[in-house]
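Asks: Structure in structure tokens, see below.
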Amino acid sequence: MEQIVALDDDRLQKRREQSARVTQLADQAFDSQHGRCEWDSVIKKLDMPLMECLGLFDASLSSVPVRSLPKIVDWLPDDFLLLKDFVQRFPDTLTADDQRLVSAFMNVKQANCAMAYSMCIRPRMKADLFELITSYHDKDMSWKDIYQQIPVFASIDRSQGAYSQFKAKLRKQREPKRVTEHADTVSSAVKELYTQNQSVDWARVSESVGLSERECLEANQFGDGKARWIYDPDTFSWDMANRMTAFIETNYSPPLPVNYTAVSNYMWIERDDCFKMAGLLRGEMTWTKDVLAKVVELRGQGMKYKDIARQLSPNLTAEKVSYAYRRHTKPIRYVPPSAEVKQQIRALVDKHAEQLPFLELR
């Protein structure tokens with residue numbers, strides 16, 4: 001037993017020495033310009049995996065001050081991109097208990113890293129982010145330049161969409177409800193015209209109620225006789241699609257959010273169908289179980305990815321279908337424990353060998 005205890009003490013001492021060595025090299029590799037350690041140099045000197053180095057790093061022994069970045073707008077683009085890359089490289093390694101590793105890698109307080117890590121996993125528009133983007137808009141910066149400064153979302157389009165939705169939410173909270181107040185009047189005028197002609201002349205509605213055509217389109221709640229528009233590759237009409245796209249681009253250019261009630265009234269098509277079709281025209285796809293099952297079925301029939309894409313959407317790419325298919329069908333692979341984990345298990349077994357429960361062998 002004394003030998004086991006001595007062996008355990010030796011292992012702990014070795015780990016302390018490794019920890020001190022990693023921390024010392026990390027301090028030496030500190031880049032004052034970027035405020036963080038250049039971990040690549042530490043890895044090369046120790047010939048040790050990054051996650052193992054981070055696990056051994058001891059902030060209490062480090063002489064480097066830890067940065068405080070409490071708000072997402074405090075993070076520089078380079079810092080956030082580095083964090084995003086780190087999260088993508090180790091998606092299965094990091095858990096809620098492993099934020100210490102992220103903190104060590106970024107040299108940022110653990111609570112701040114948890115907030116930014118959450119934004120990497122599930123990007124969302126927040127008030128401080130919205131205000132910063134608005135300030136860039138006021139300086140006439142393009143969305144491309146804004147995205148380079150704030151690379152929180154997956155793409156420029158996603159940034160625009162999140163900004164527009166947040167703006168619409170604020171506008172709904174702050175602006176007077178002029179359109180809502182005239183909804184009944186507009187709806188009555190539309191109903192009268194539609195009953196007479198089975199169509200709506202929005203110029204006449206505008207003139208009769210004293211609102212602009214767009215305000216009338218946004219206010220109308222009458223919808224009898226509206227058509228459905230469900231994507232079918234055999235009957236899909238680009239004329240209808242181009243008509244809806246032209247209306248949206250003319251009346252709701254970014255960052256103004258699209259009002260799909262107005263789109264629905266203009267096209268005289270159910271609102272939800274207009275919303276879904278607009279997403280399909282942008283090349284977006286919600287990968288539900290039913291959609292993935294259809295992809296698997298068509299792929300099983302030998303259909304090419306580009307042809308499957310055409311079955312699902314007018315603008316979906318073969319690459320997106322291929323990626324979704326592989327993600328859905330790839331087998332779950334066994335990942336063996338690392339050498340460090342094996343060492344820890346062995347140490348625990350040695351330490352508690354006499355107390356472990358066992359079955360008596362007969």
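Every chain in the structure tokens has a letter given in the order shown (A, B, ...), and although residue numbers restart at 1 in each chain, ligands are simply numbered from 1 in the order shown.
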So that I can check the surroundings of segment 34-37 of chain A, please list as a PDB file with all heavy atoms, in the first residue's frame every protein, DNA and RNA residue that reaches within 7 Å of it, counting only C-alpha atoms and ignoring chain neighbours fewer than 5 positions away.
Replies:
```pdb
ATOM      1  N   ALA A  26       3.996  29.339 -21.561  1.00  0.00           N
ATOM      2  CA  ALA A  26       2.875  30.162 -22.019  1.00  0.00           C
ATOM      3  C   ALA A  26       3.139  31.634 -21.725  1.00  0.00           C
ATOM      4  O   ALA A  26       2.848  32.516 -22.547  1.00  0.00           O
ATOM      5  CB  ALA A  26       1.576  29.704 -21.352  1.00  0.00           C
ATOM      6  N   ALA A  29       5.538  32.931 -24.171  1.00  0.00           N
ATOM      7  CA  ALA A  29       4.965  33.057 -25.514  1.00  0.00           C
ATOM      8  C   ALA A  29       3.847  34.099 -25.567  1.00  0.00           C
ATOM      9  O   ALA A  29       3.118  34.187 -26.561  1.00  0.00           O
ATOM     10  CB  ALA A  29       4.416  31.705 -25.981  1.00  0.00           C
ATOM     11  N   MET A 106      -7.735  31.863 -24.714  1.00  0.00           N
ATOM     12  CA  MET A 106      -7.984  33.236 -25.142  1.00  0.00           C
ATOM     13  C   MET A 106      -7.368  34.271 -24.203  1.00  0.00           C
ATOM     14  O   MET A 106      -7.285  35.443 -24.550  1.00  0.00           O
ATOM     15  CB  MET A 106      -9.498  33.495 -25.235  1.00  0.00           C
ATOM     16  CG  MET A 106     -10.248  32.652 -26.248  1.00  0.00           C
ATOM     17  SD  MET A 106      -9.664  32.877 -27.944  1.00  0.00           S
ATOM     18  CE  MET A 106      -9.823  34.641 -28.166  1.00  0.00           C
ATOM     19  N   ASN A 107      -6.948  33.835 -22.977  1.00  0.00           N
ATOM     20  CA  ASN A 107      -6.499  34.757 -21.934  1.00  0.00           C
ATOM     21  C   ASN A 107      -7.575  35.806 -21.643  1.00  0.00           C
ATOM     22  O   ASN A 107      -7.337  37.005 -21.625  1.00  0.00           O
ATOM     23  CB  ASN A 107      -5.182  35.446 -22.302  1.00  0.00           C
ATOM     24  CG  ASN A 107      -4.613  36.239 -21.128  1.00  0.00           C
ATOM     25  OD1 ASN A 107      -4.672  35.786 -19.992  1.00  0.00           O
ATOM     26  ND2 ASN A 107      -4.103  37.426 -21.400  1.00  0.00           N
TER      27      ASN A 107
END
```
Asks: Name the residues of segment 250-347 of chain A that come out as alpha helix (DSSP H) in a backbone DSSP run; write them as a ChimeraX atom specification.
Replies: /A:250-251,260-267,271-281,289-300,305-312,318-329,339-347
Asks: Counting only C-alpha atoms, which residue out of A:Lys226, A:Arg124, A:Arg89, A:Arg11 sits closest to Ser159 of chain A?
Replies: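 Nearest to Ser159 of chain A: A:Arg124.
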Asks: For segment 262-276 of chain A, find every residue with an atom within 6 Å (counting only C-alpha atoms), except residues of its own chain fewer than 2 positions away, and show them as JSON, numbers by chain.
Replies: {"A": [217, 218, 226, 227, 228, 229, 259, 260, 278, 279]}
Asks: Only N, CA and C atoms, please: the residues just picked out, written as a PDB file, in the first residue's frame.
Replies:
```
ATOM      1  N   LEU A 217     -51.192  47.767 -47.770  1.00  0.00           N
ATOM      2  CA  LEU A 217     -50.772  46.372 -47.886  1.00  0.00           C
ATOM      3  C   LEU A 217     -50.374  45.796 -46.523  1.00  0.00           C
ATOM      4  N   GLU A 218     -49.760  46.633 -45.695  1.00  0.00           N
ATOM      5  CA  GLU A 218     -49.335  46.172 -44.375  1.00  0.00           C
ATOM      6  C   GLU A 218     -50.500  46.075 -43.390  1.00  0.00           C
ATOM      7  N   LYS A 226     -57.305  33.797 -50.949  1.00  0.00           N
ATOM      8  CA  LYS A 226     -55.857  33.784 -51.195  1.00  0.00           C
ATOM      9  C   LYS A 226     -55.393  32.373 -51.590  1.00  0.00           C
ATOM     10  N   ALA A 227     -54.470  32.326 -52.536  1.00  0.00           N
ATOM     11  CA  ALA A 227     -53.984  31.053 -53.051  1.00  0.00           C
ATOM     12  C   ALA A 227     -52.909  30.458 -52.155  1.00  0.00           C
ATOM     13  N   ARG A 228     -52.652  29.157 -52.328  1.00  0.00           N
ATOM     14  CA  ARG A 228     -51.534  28.504 -51.678  1.00  0.00           C
ATOM     15  C   ARG A 228     -50.346  28.513 -52.638  1.00  0.00           C
ATOM     16  N   TRP A 229     -49.132  28.420 -52.063  1.00  0.00           N
ATOM     17  CA  TRP A 229     -47.925  28.391 -52.891  1.00  0.00           C
ATOM     18  C   TRP A 229     -46.931  27.439 -52.235  1.00  0.00           C
ATOM     19  N   ASN A 259     -42.028  42.883 -44.411  1.00  0.00           N
ATOM     20  CA  ASN A 259     -43.351  42.684 -43.832  1.00  0.00           C
ATOM     21  C   ASN A 259     -44.099  41.678 -44.716  1.00  0.00           C
ATOM     22  N   TYR A 260     -44.192  40.441 -44.237  1.00  0.00           N
ATOM     23  CA  TYR A 260     -44.774  39.394 -45.077  1.00  0.00           C
ATOM     24  C   TYR A 260     -46.293  39.459 -45.144  1.00  0.00           C
ATOM     25  N   ALA A 278     -39.899  32.671 -49.903  1.00  0.00           N
ATOM     26  CA  ALA A 278     -38.803  33.647 -49.895  1.00  0.00           C
ATOM     27  C   ALA A 278     -37.528  33.012 -49.356  1.00  0.00           C
ATOM     28  N   GLY A 279     -37.670  32.177 -48.330  1.00  0.00           N
ATOM     29  CA  GLY A 279     -36.515  31.469 -47.790  1.00  0.00           C
ATOM     30  C   GLY A 279     -35.916  30.508 -48.808  1.00  0.00           C
TER      31      GLY A 279
END
```
Asks: Can you pull out every residue within 12 Å of Lys144 of chain A, counting only C-alpha atoms, but drop anything in the same chain fewer than 6 positions away, and send it as an MDAnalysis selection string?
Replies: chainID A and resid 133 136:137 150:151 155:160
Asks: From the list A:Phe105, A:Met115, A:Asp224, A:Pro70, which residue is nearest Leu56 of chain A when using only C-alpha atoms?
Replies: A:Phe105
Asks: Show me, as a ChimeraX atom specification, the residues that have an atom within 7 Å of segment 304-313 of chain A when counting only C-alpha atoms, minus same-chain residues fewer than 2 positions from it.
Replies: /A:231,233,280,295,298-299,302,315-318,321-322
Asks: Please list as a list in words every residue within 12 Å of Gln110 of chain A, counting only C-alpha atoms and excluding residues in the same chain fewer than 5 positions away.
Replies: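 Residues near the query, excluding close chain neighbours: Ala59, Val66, Arg67, Ser68, Leu69, Pro70, Ala96, Asp97, Asp98, Gln99, Arg100, Leu101, Val102, Ser103, Ala104, Phe105, Met115, Ala116 and Tyr117 of chain A.
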Asks: For the structure I just gave you, how does DSSP split segment 4-125 of chain A - specifically, which residues are strand (DSSP E)? Reply as a list in words.
Replies: Phe30, Asp31, Arg36 and Cys37 of chain A
Asks: Pick the closest to Lys294 of chain A from A:Leu54, A:Ala162, A:Ala168, A:Ala324: which is it, counting only C-alpha atoms?
Replies: A:Ala324
